[in-house]
>>> print(open('my_file_26.cif').read())   # mmCIF, C-alpha atoms
data_query
#
loop_
_atom_site.group_PDB
_atom_site.id
_atom_site.type_symbol
_atom_site.label_atom_id
_atom_site.label_comp_id
_atom_site.auth_asym_id
_atom_site.auth_seq_id
_atom_site.Cartn_x
_atom_site.Cartn_y
_atom_site.Cartn_z
ATOM 1 C CA MET X 1 78.964 69.254 153.737
ATOM 2 C CA THR X 2 77.587 66.178 152.084
ATOM 3 C CA ALA X 3 74.144 64.996 153.037
ATOM 4 C CA GLY X 4 71.895 62.701 151.059
ATOM 5 C CA THR X 5 72.091 61.621 147.469
ATOM 6 C CA GLU X 6 68.800 62.891 145.998
ATOM 7 C CA PHE X 7 68.354 66.520 145.028
ATOM 8 C CA ASP X 8 66.088 68.749 142.997
ATOM 9 C CA LEU X 9 69.137 70.398 141.416
ATOM 10 C CA VAL X 10 72.802 69.474 141.115
ATOM 11 C CA VAL X 11 75.210 72.101 139.848
ATOM 12 C CA ILE X 12 78.481 70.757 138.465
ATOM 13 C CA GLY X 13 80.965 73.562 139.005
ATOM 14 C CA GLY X 14 81.240 75.948 141.934
ATOM 15 C CA GLY X 15 82.430 79.056 140.101
ATOM 16 C CA PRO X 16 80.526 82.338 139.800
ATOM 17 C CA GLY X 17 77.856 80.862 137.524
ATOM 18 C CA GLY X 18 77.463 77.651 139.504
ATOM 19 C CA TYR X 19 77.414 78.901 143.062
ATOM 20 C CA VAL X 20 75.060 81.782 142.256
ATOM 21 C CA ALA X 21 72.639 79.393 140.506
ATOM 22 C CA ALA X 22 72.832 77.027 143.486
ATOM 23 C CA ILE X 23 72.137 79.786 146.007
ATOM 24 C CA ARG X 24 69.147 81.058 144.045
ATOM 25 C CA ALA X 25 67.754 77.544 143.632
ATOM 26 C CA ALA X 26 68.097 76.915 147.366
ATOM 27 C CA GLN X 27 66.394 80.246 148.118
ATOM 28 C CA LEU X 28 63.509 79.103 145.919
ATOM 29 C CA GLY X 29 63.174 75.951 148.012
ATOM 30 C CA LEU X 30 64.983 73.390 145.857
ATOM 31 C CA ARG X 31 67.148 70.742 147.525
ATOM 32 C CA THR X 32 70.445 71.726 145.953
ATOM 33 C CA ALA X 33 73.961 70.338 145.668
ATOM 34 C CA VAL X 34 77.162 71.700 144.158
ATOM 35 C CA VAL X 35 79.919 69.445 142.860
ATOM 36 C CA GLU X 36 83.264 71.256 142.748
ATOM 37 C CA LYS X 37 86.569 69.538 142.025
ATOM 38 C CA GLU X 38 88.917 72.279 143.164
ATOM 39 C CA HIS X 39 87.860 75.563 144.821
ATOM 40 C CA LEU X 40 84.471 77.104 145.486
ATOM 41 C CA GLY X 41 84.403 80.410 143.659
ATOM 42 C CA GLY X 42 86.084 79.017 140.564
ATOM 43 C CA VAL X 43 88.950 80.444 138.567
ATOM 44 C CA CYS X 44 87.724 84.046 138.747
ATOM 45 C CA LEU X 45 87.622 84.231 142.518
ATOM 46 C CA ASN X 46 90.645 82.044 143.253
ATOM 47 C CA TRP X 47 93.076 82.607 140.379
ATOM 48 C CA GLY X 48 91.831 85.393 138.132
ATOM 49 C CA CYS X 49 89.749 88.496 138.516
ATOM 50 C CA ILE X 50 89.722 88.829 142.307
ATOM 51 C CA PRO X 51 93.399 88.233 143.146
ATOM 52 C CA THR X 52 94.527 90.269 140.128
ATOM 53 C CA LYS X 53 92.394 93.179 141.366
ATOM 54 C CA ALA X 54 94.156 92.869 144.733
ATOM 55 C CA LEU X 55 97.513 93.078 142.925
ATOM 56 C CA LEU X 56 96.315 96.026 140.838
ATOM 57 C CA HIS X 57 95.159 97.849 143.974
ATOM 58 C CA THR X 58 98.579 97.387 145.578
ATOM 59 C CA SER X 59 100.387 98.606 142.458
ATOM 60 C CA GLU X 60 98.103 101.650 142.226
ATOM 61 C CA LEU X 61 98.779 102.478 145.874
ATOM 62 C CA TYR X 62 102.521 102.129 145.261
ATOM 63 C CA ARG X 63 102.316 104.431 142.229
ATOM 64 C CA GLN X 64 100.365 107.033 144.232
ATOM 65 C CA ILE X 65 102.940 106.970 147.029
ATOM 66 C CA LYS X 66 105.756 107.426 144.474
ATOM 67 C CA GLU X 67 103.891 110.469 143.093
ATOM 68 C CA ALA X 68 102.991 111.881 146.521
ATOM 69 C CA GLU X 69 105.306 114.863 146.133
ATOM 70 C CA ALA X 70 102.989 116.273 143.446
ATOM 71 C CA PHE X 71 100.411 116.575 146.243
ATOM 72 C CA GLY X 72 102.828 118.217 148.638
ATOM 73 C CA LEU X 73 103.571 115.024 150.539
ATOM 74 C CA ARG X 74 107.059 113.807 151.285
ATOM 75 C CA VAL X 75 107.464 110.051 151.440
ATOM 76 C CA GLU X 76 110.944 108.610 151.799
ATOM 77 C CA GLY X 77 112.265 105.086 151.546
ATOM 78 C CA VAL X 78 109.430 103.717 149.451
ATOM 79 C CA GLY X 79 109.910 100.078 148.570
ATOM 80 C CA PHE X 80 107.950 96.865 148.407
ATOM 81 C CA ASP X 81 108.035 93.283 149.613
ATOM 82 C CA PHE X 82 107.002 91.215 146.594
ATOM 83 C CA GLU X 83 106.341 88.073 148.636
ATOM 84 C CA ARG X 84 103.947 89.939 150.947
ATOM 85 C CA ILE X 85 102.165 91.515 147.984
ATOM 86 C CA VAL X 86 101.524 88.081 146.491
ATOM 87 C CA GLN X 87 100.471 86.694 149.894
ATOM 88 C CA ARG X 88 97.979 89.541 150.388
ATOM 89 C CA SER X 89 96.441 88.726 147.002
ATOM 90 C CA ARG X 90 96.125 85.045 147.976
ATOM 91 C CA ASN X 91 94.604 86.027 151.339
ATOM 92 C CA VAL X 92 91.971 88.185 149.638
ATOM 93 C CA ALA X 93 91.009 85.272 147.373
ATOM 94 C CA GLY X 94 90.965 82.855 150.305
ATOM 95 C CA LYS X 95 88.712 85.085 152.377
ATOM 96 C CA LEU X 96 86.199 85.407 149.558
ATOM 97 C CA ALA X 97 86.291 81.649 148.859
ATOM 98 C CA ARG X 98 85.501 81.036 152.542
ATOM 99 C CA GLY X 99 82.611 83.467 152.097
ATOM 100 C CA VAL X 100 81.225 81.317 149.273
ATOM 101 C CA ALA X 101 81.533 78.228 151.495
ATOM 102 C CA PHE X 102 79.634 80.099 154.214
ATOM 103 C CA LEU X 103 76.858 80.942 151.748
ATOM 104 C CA MET X 104 76.604 77.273 150.769
ATOM 105 C CA LYS X 105 76.186 76.296 154.408
ATOM 106 C CA LYS X 106 73.790 79.157 155.171
ATOM 107 C CA ASN X 107 71.553 78.126 152.264
ATOM 108 C CA LYS X 108 71.764 74.411 153.173
ATOM 109 C CA ILE X 109 73.452 73.489 149.899
ATOM 110 C CA ALA X 110 75.305 70.179 149.904
ATOM 111 C CA VAL X 111 78.843 70.585 148.592
ATOM 112 C CA PHE X 112 80.676 67.612 147.145
ATOM 113 C CA ASP X 113 84.439 68.073 146.820
ATOM 114 C CA ALA X 114 84.692 65.905 143.747
ATOM 115 C CA THR X 115 84.669 65.772 139.982
ATOM 116 C CA GLY X 116 81.171 65.298 138.632
ATOM 117 C CA ARG X 117 80.205 63.531 135.438
ATOM 118 C CA ILE X 118 76.705 63.006 134.092
ATOM 119 C CA GLU X 119 76.438 59.238 133.806
ATOM 120 C CA ASP X 120 72.744 58.917 133.033
ATOM 121 C CA THR X 121 69.614 61.020 132.953
ATOM 122 C CA GLY X 122 69.406 62.656 136.344
ATOM 123 C CA ARG X 123 72.482 60.890 137.751
ATOM 124 C CA VAL X 124 75.877 62.431 138.475
ATOM 125 C CA ALA X 125 78.892 60.199 139.092
ATOM 126 C CA LEU X 126 81.392 61.526 141.629
ATOM 127 C CA THR X 127 85.136 60.943 141.831
ATOM 128 C CA SER X 128 87.166 62.287 144.755
ATOM 129 C CA LYS X 129 90.457 64.134 144.395
ATOM 130 C CA ASP X 130 92.319 60.910 145.169
ATOM 131 C CA SER X 131 90.412 59.135 142.323
ATOM 132 C CA THR X 132 88.102 57.227 144.669
ATOM 133 C CA ILE X 133 84.711 56.510 143.109
ATOM 134 C CA LEU X 134 82.037 57.968 145.391
ATOM 135 C CA PRO X 135 78.319 57.128 145.475
ATOM 136 C CA SER X 136 76.415 58.821 142.653
ATOM 137 C CA ILE X 137 73.897 61.550 143.353
ATOM 138 C CA THR X 138 70.619 62.144 141.542
ATOM 139 C CA ALA X 139 68.661 65.228 140.624
ATOM 140 C CA LYS X 140 65.617 66.239 138.628
ATOM 141 C CA HIS X 141 67.713 69.039 137.124
ATOM 142 C CA ILE X 142 71.443 69.360 136.432
ATOM 143 C CA ILE X 143 73.337 72.527 135.558
ATOM 144 C CA VAL X 144 76.793 72.203 134.035
ATOM 145 C CA ALA X 145 78.788 75.299 134.999
ATOM 146 C CA THR X 146 82.353 74.077 134.621
ATOM 147 C CA GLY X 147 83.824 77.417 133.584
ATOM 148 C CA ALA X 148 87.224 78.216 132.152
ATOM 149 C CA ARG X 149 90.533 76.431 131.955
ATOM 150 C CA ALA X 150 93.943 77.508 130.757
ATOM 151 C CA ARG X 151 94.511 76.532 127.156
ATOM 152 C CA SER X 152 97.853 75.166 126.065
ATOM 153 C CA LEU X 153 99.214 75.972 122.655
ATOM 154 C CA PRO X 154 101.547 73.733 120.616
ATOM 155 C CA GLU X 155 105.176 74.427 121.530
ATOM 156 C CA LEU X 156 104.047 76.687 124.397
ATOM 157 C CA GLU X 157 103.224 74.093 127.031
ATOM 158 C CA PRO X 158 103.145 75.587 130.552
ATOM 159 C CA ASP X 159 106.280 74.641 132.471
ATOM 160 C CA GLY X 160 105.777 76.776 135.600
ATOM 161 C CA ALA X 161 109.116 78.516 135.041
ATOM 162 C CA ARG X 162 109.008 80.510 131.812
ATOM 163 C CA ILE X 163 105.556 79.632 130.496
ATOM 164 C CA TRP X 164 102.758 80.142 133.002
ATOM 165 C CA THR X 165 99.053 79.616 133.286
ATOM 166 C CA TYR X 166 96.998 81.926 135.481
ATOM 167 C CA LYS X 167 97.916 79.818 138.528
ATOM 168 C CA GLU X 168 101.671 80.278 138.181
ATOM 169 C CA ALA X 169 101.168 83.945 137.355
ATOM 170 C CA MET X 170 99.405 84.476 140.702
ATOM 171 C CA VAL X 171 102.218 83.001 142.817
ATOM 172 C CA PRO X 172 105.547 83.800 141.110
ATOM 173 C CA ASP X 173 108.786 83.436 143.046
ATOM 174 C CA SER X 174 110.002 86.808 141.797
ATOM 175 C CA LEU X 175 108.758 89.816 139.890
ATOM 176 C CA PRO X 176 109.422 89.331 136.165
ATOM 177 C CA LYS X 177 111.035 92.213 134.283
ATOM 178 C CA SER X 178 108.666 91.694 131.370
ATOM 179 C CA LEU X 179 105.702 89.513 130.567
ATOM 180 C CA LEU X 180 103.871 88.540 127.395
ATOM 181 C CA VAL X 181 100.190 87.721 127.890
ATOM 182 C CA ILE X 182 98.601 85.468 125.269
ATOM 183 C CA GLY X 183 94.832 85.718 125.353
ATOM 184 C CA SER X 184 92.508 88.648 125.818
ATOM 185 C CA GLY X 185 89.800 87.147 127.972
ATOM 186 C CA ALA X 186 88.933 88.693 131.317
ATOM 187 C CA ILE X 187 91.907 87.132 133.101
ATOM 188 C CA GLY X 188 94.390 87.910 130.306
ATOM 189 C CA ILE X 189 93.323 91.559 130.214
ATOM 190 C CA GLU X 190 93.623 91.860 134.005
ATOM 191 C CA PHE X 191 97.117 90.380 133.965
ATOM 192 C CA ALA X 192 98.180 92.699 131.147
#
>>> encode(input="my_file_26.cif", output="structure tokens")
Amino acid sequence: MTAGTEFDLVVIGGGPGGYVAAIRAAQLGLRTAVVEKEHLGGVCLNWGCIPTKALLHTSELYRQIKEAEAFGLRVEGVGFDFERIVQRSRNVAGKLARGVAFLMKKNKIAVFDATGRIEDTGRVALTSKDSTILPSITAKHIIVATGARARSLPELEPDGARIWTYKEAMVPDSLPKSLLVIGSGAIGIEFA
């Protein structure tokens, strides 16, 4: 939804900090907009905490089934379909991201699918995903909530094959036999 160019508040970044701030501002009566370049819900909801919890839940369920005999249960032929496990994780993230979009609409928050850049006091320049310059929007208040990004290290540039960021780790072609996680932030800990 994009309506108008003048707001009381513009939030640059639609992750957990940004969308929650936008919802609260709208509830308090402010004309509010969110500028998000990729996915409402941010890294946590789309590529980190939420989909990794879905994977962890599946692995815990698998472990419990494998140990069912200790509870007097007989389960035979236990296996898994790795592709479906990954797809379930992506579906969980997608459903929650659609929920954030619903909350934006419900609270009458304008959402701009673009990159935002503060170009002047109270003015945010917008660039679409295809690099088209869009009309700027203005606001009395601007919150920058751009969140986290994967950090590359010298000689360990992500290649999508052997060196992954959180995005590649969420959609691997096959289950790796081993994995080294560099970084102990929330997403790194969840992956470990």
>>> atom_distance(input="my_file_26.cif", atom1="CA of Arg88 in chain X", atom2="CA of Cys49 in chain X")
14.5 Å
>>> closest_residue(input="my_file_26.cif", among="X:Leu30, X:Ala68, X:Val171, X:Val43", to="Gly14 in chain X", atoms="only C-alpha atoms")
X:Val43
>>> residues_around(input="my_file_26.cif", residues="Arg123 in chain X", least_positions_apart="6", cutoff="10 Å", atoms="only C-alpha atoms", output="list in words")
Thr5, Glu6, Val10, Gly116, Arg117, Ser136, Ile137, Thr138, Ala139, Lys140, His141 and Ile142 of chain X
>>> closest_residue(input="my_file_26.cif", among="X:Arg63, X:Arg84, X:His39, X:Lys106", to="Gln27 in chain X", atoms="all atoms listed in the file")
X:Lys106
>>> residues_around(input="my_file_26.cif", residues="Lys53 in chain X", least_positions_apart="3", cutoff="12 Å", atoms="all atoms listed in the file", output="list in words")
Cys44, Leu45, Asn46, Trp47, Gly48, Cys49, Ile50, Leu56, His57, Thr58, Ser59, Glu60, Ile85, Val86, Arg88, Ser89, Arg90, Val92, Ala93, Met170, Ala186, Ile187, Ile189, Glu190, Phe191 and Ala192 of chain X
>>> atom_distance(input="my_file_26.cif", atom1="CA of Pro158 in chain X", atom2="CA of Lys37 in chain X")
21.0 Å
>>> resolve_selection(input="my_file_26.cif", expression="the PyMOL selection byres ((chain X and resi 165) around 12)", output="number ranges by chain")
X: 43, 47-48, 148-153, 156-164, 166-172, 180-183, 187-188, 191
>>> atom_distance(input="my_file_26.cif", atom1="CA of Ser174 in chain X", atom2="CA of Gly42 in chain X")
25.2 Å
>>> closest_residue(input="my_file_26.cif", among="X:Gly15, X:Val75, X:Val35, X:Phe102", to="Ala125 in chain X", atoms="all atoms listed in the file")
X:Val35
>>> resolve_selection(input="my_file_26.cif", expression="the PyMOL selection byres ((chain X and resi 109) around 8)", output="NGL selection string")
:X and (1 or 22-23 or 26 or 31-34 or 104-108 or 110-111)
>>> resolve_selection(input="my_file_26.cif", expression="the PyMOL selection byres ((chain X and resi 146) around 7)", output="mmCIF file with C-alpha atoms, in the frame of the given file")
data_model
loop_
_atom_site.group_PDB
_atom_site.id
_atom_site.type_symbol
_atom_site.label_atom_id
_atom_site.label_comp_id
_atom_site.auth_asym_id
_atom_site.auth_seq_id
_atom_site.Cartn_x
_atom_site.Cartn_y
_atom_site.Cartn_z
ATOM 1 C CA ILE X 12 78.481 70.757 138.465
ATOM 2 C CA GLY X 13 80.965 73.562 139.005
ATOM 3 C CA VAL X 144 76.793 72.203 134.035
ATOM 4 C CA ALA X 145 78.788 75.299 134.999
ATOM 5 C CA GLY X 147 83.824 77.417 133.584
ATOM 6 C CA ALA X 148 87.224 78.216 132.152
#
>>> closest_residue(input="my_file_26.cif", among="X:Leu103, X:Ile65, X:Leu96, X:Ile133", to="Gly41 in chain X", atoms="all atoms listed in the file")
X:Leu96
>>> closest_residue(input="my_file_26.cif", among="X:Asp8, X:Val100, X:Val78, X:Glu69", to="Gly122 in chain X", atoms="only C-alpha atoms")
X:Asp8
>>> axis_aligned_box(input="my_file_26.cif", around="range 7-25 of chain X", padding_each_side="8 Å", output="lines of an AutoDock Vina configuration file")
center_x = 74.3
center_y = 74.4
center_z = 141.8
size_x = 32.3
size_y = 31.8
size_z = 24.5
>>> decode(input="my_file_26.cif", residues="range 166-180 of chain X", atoms="all heavy atoms", output="short mmCIF file (atom, residue, chain, number, x, y, z; two decimals), in the first residue's frame")
data_model
loop_
_atom_site.label_atom_id
_atom_site.label_comp_id
_atom_site.auth_asym_id
_atom_site.auth_seq_id
_atom_site.Cartn_x
_atom_site.Cartn_y
_atom_site.Cartn_z
N TYR X 166 23.18 -16.41 6.44
CA TYR X 166 21.95 -16.98 6.99
C TYR X 166 20.96 -17.37 5.89
O TYR X 166 20.22 -18.33 6.03
CB TYR X 166 21.29 -16.03 8.00
CG TYR X 166 21.08 -14.62 7.47
CD1 TYR X 166 19.98 -14.31 6.69
CD2 TYR X 166 21.99 -13.61 7.75
CE1 TYR X 166 19.78 -13.03 6.21
CE2 TYR X 166 21.80 -12.33 7.27
CZ TYR X 166 20.69 -12.04 6.49
OH TYR X 166 20.49 -10.77 6.01
N LYS X 167 20.96 -16.65 4.78
CA LYS X 167 20.00 -16.98 3.71
C LYS X 167 20.29 -18.34 3.09
O LYS X 167 19.39 -19.16 2.93
CB LYS X 167 20.00 -15.90 2.63
CG LYS X 167 19.28 -14.65 3.08
CD LYS X 167 19.11 -13.68 1.95
CE LYS X 167 18.35 -12.47 2.44
NZ LYS X 167 18.13 -11.49 1.39
N GLU X 168 21.54 -18.60 2.74
CA GLU X 168 21.87 -19.90 2.16
C GLU X 168 21.67 -21.02 3.18
O GLU X 168 21.28 -22.12 2.81
CB GLU X 168 23.32 -19.92 1.65
CG GLU X 168 23.57 -19.05 0.44
CD GLU X 168 23.98 -17.62 0.80
OE1 GLU X 168 24.17 -17.31 1.98
OE2 GLU X 168 24.11 -16.81 -0.13
N ALA X 169 21.94 -20.73 4.43
CA ALA X 169 21.78 -21.74 5.47
C ALA X 169 20.32 -22.16 5.66
O ALA X 169 20.04 -23.27 6.10
CB ALA X 169 22.35 -21.24 6.80
N MET X 170 19.38 -21.28 5.31
CA MET X 170 17.97 -21.60 5.47
C MET X 170 17.40 -22.41 4.30
O MET X 170 16.33 -22.98 4.43
CB MET X 170 17.14 -20.32 5.64
CG MET X 170 17.37 -19.63 6.97
SD MET X 170 17.26 -20.73 8.41
CE MET X 170 15.66 -21.45 8.21
N VAL X 171 18.09 -22.45 3.18
CA VAL X 171 17.57 -23.16 2.00
C VAL X 171 18.65 -24.01 1.34
O VAL X 171 18.83 -23.96 0.12
CB VAL X 171 16.93 -22.18 0.99
CG1 VAL X 171 15.66 -21.57 1.53
CG2 VAL X 171 17.92 -21.08 0.60
N PRO X 172 19.34 -24.87 2.10
CA PRO X 172 20.40 -25.68 1.48
C PRO X 172 19.81 -26.75 0.57
O PRO X 172 18.67 -27.19 0.77
CB PRO X 172 21.10 -26.31 2.69
CG PRO X 172 20.03 -26.37 3.73
CD PRO X 172 19.17 -25.15 3.51
N ASP X 173 20.60 -27.15 -0.41
CA ASP X 173 20.17 -28.22 -1.31
C ASP X 173 20.21 -29.58 -0.63
O ASP X 173 19.45 -30.48 -0.98
CB ASP X 173 21.06 -28.26 -2.56
CG ASP X 173 20.87 -27.02 -3.41
OD1 ASP X 173 19.77 -26.45 -3.41
OD2 ASP X 173 21.84 -26.61 -4.08
N SER X 174 21.12 -29.74 0.31
CA SER X 174 21.25 -31.01 1.02
C SER X 174 21.70 -30.74 2.46
O SER X 174 22.22 -29.67 2.76
CB SER X 174 22.24 -31.93 0.31
OG SER X 174 23.52 -31.32 0.28
N LEU X 175 21.52 -31.73 3.28
CA LEU X 175 21.90 -31.63 4.69
C LEU X 175 23.40 -31.80 4.81
O LEU X 175 23.95 -32.84 4.44
CB LEU X 175 21.18 -32.71 5.50
CG LEU X 175 21.41 -32.72 7.00
CD1 LEU X 175 20.90 -31.43 7.63
CD2 LEU X 175 20.71 -33.93 7.62
N PRO X 176 24.11 -30.77 5.32
CA PRO X 176 25.56 -30.92 5.47
C PRO X 176 25.90 -31.91 6.59
O PRO X 176 25.14 -32.04 7.55
CB PRO X 176 26.03 -29.51 5.82
CG PRO X 176 24.83 -28.81 6.36
CD PRO X 176 23.63 -29.47 5.75
N LYS X 177 27.03 -32.59 6.45
CA LYS X 177 27.46 -33.53 7.49
C LYS X 177 28.00 -32.79 8.70
O LYS X 177 27.91 -33.26 9.83
CB LYS X 177 28.50 -34.49 6.94
CG LYS X 177 27.90 -35.43 5.93
CD LYS X 177 28.90 -36.43 5.43
CE LYS X 177 28.15 -37.28 4.43
NZ LYS X 177 28.81 -38.29 3.80
N SER X 178 28.58 -31.62 8.47
CA SER X 178 29.08 -30.80 9.56
C SER X 178 28.97 -29.34 9.14
O SER X 178 28.85 -29.03 7.95
CB SER X 178 30.53 -31.16 9.91
OG SER X 178 31.38 -30.87 8.82
N LEU X 179 29.04 -28.48 10.14
CA LEU X 179 28.86 -27.06 9.88
C LEU X 179 29.61 -26.27 10.93
O LEU X 179 29.55 -26.59 12.12
CB LEU X 179 27.35 -26.73 9.96
CG LEU X 179 26.85 -25.38 9.54
CD1 LEU X 179 27.03 -25.19 8.04
CD2 LEU X 179 25.38 -25.26 9.87
N LEU X 180 30.35 -25.26 10.51
CA LEU X 180 31.02 -24.36 11.43
C LEU X 180 30.27 -23.04 11.38
O LEU X 180 30.05 -22.48 10.30
CB LEU X 180 32.48 -24.14 11.00
CG LEU X 180 33.23 -23.02 11.73
CD1 LEU X 180 33.40 -23.37 13.20
CD2 LEU X 180 34.57 -22.78 11.07
#
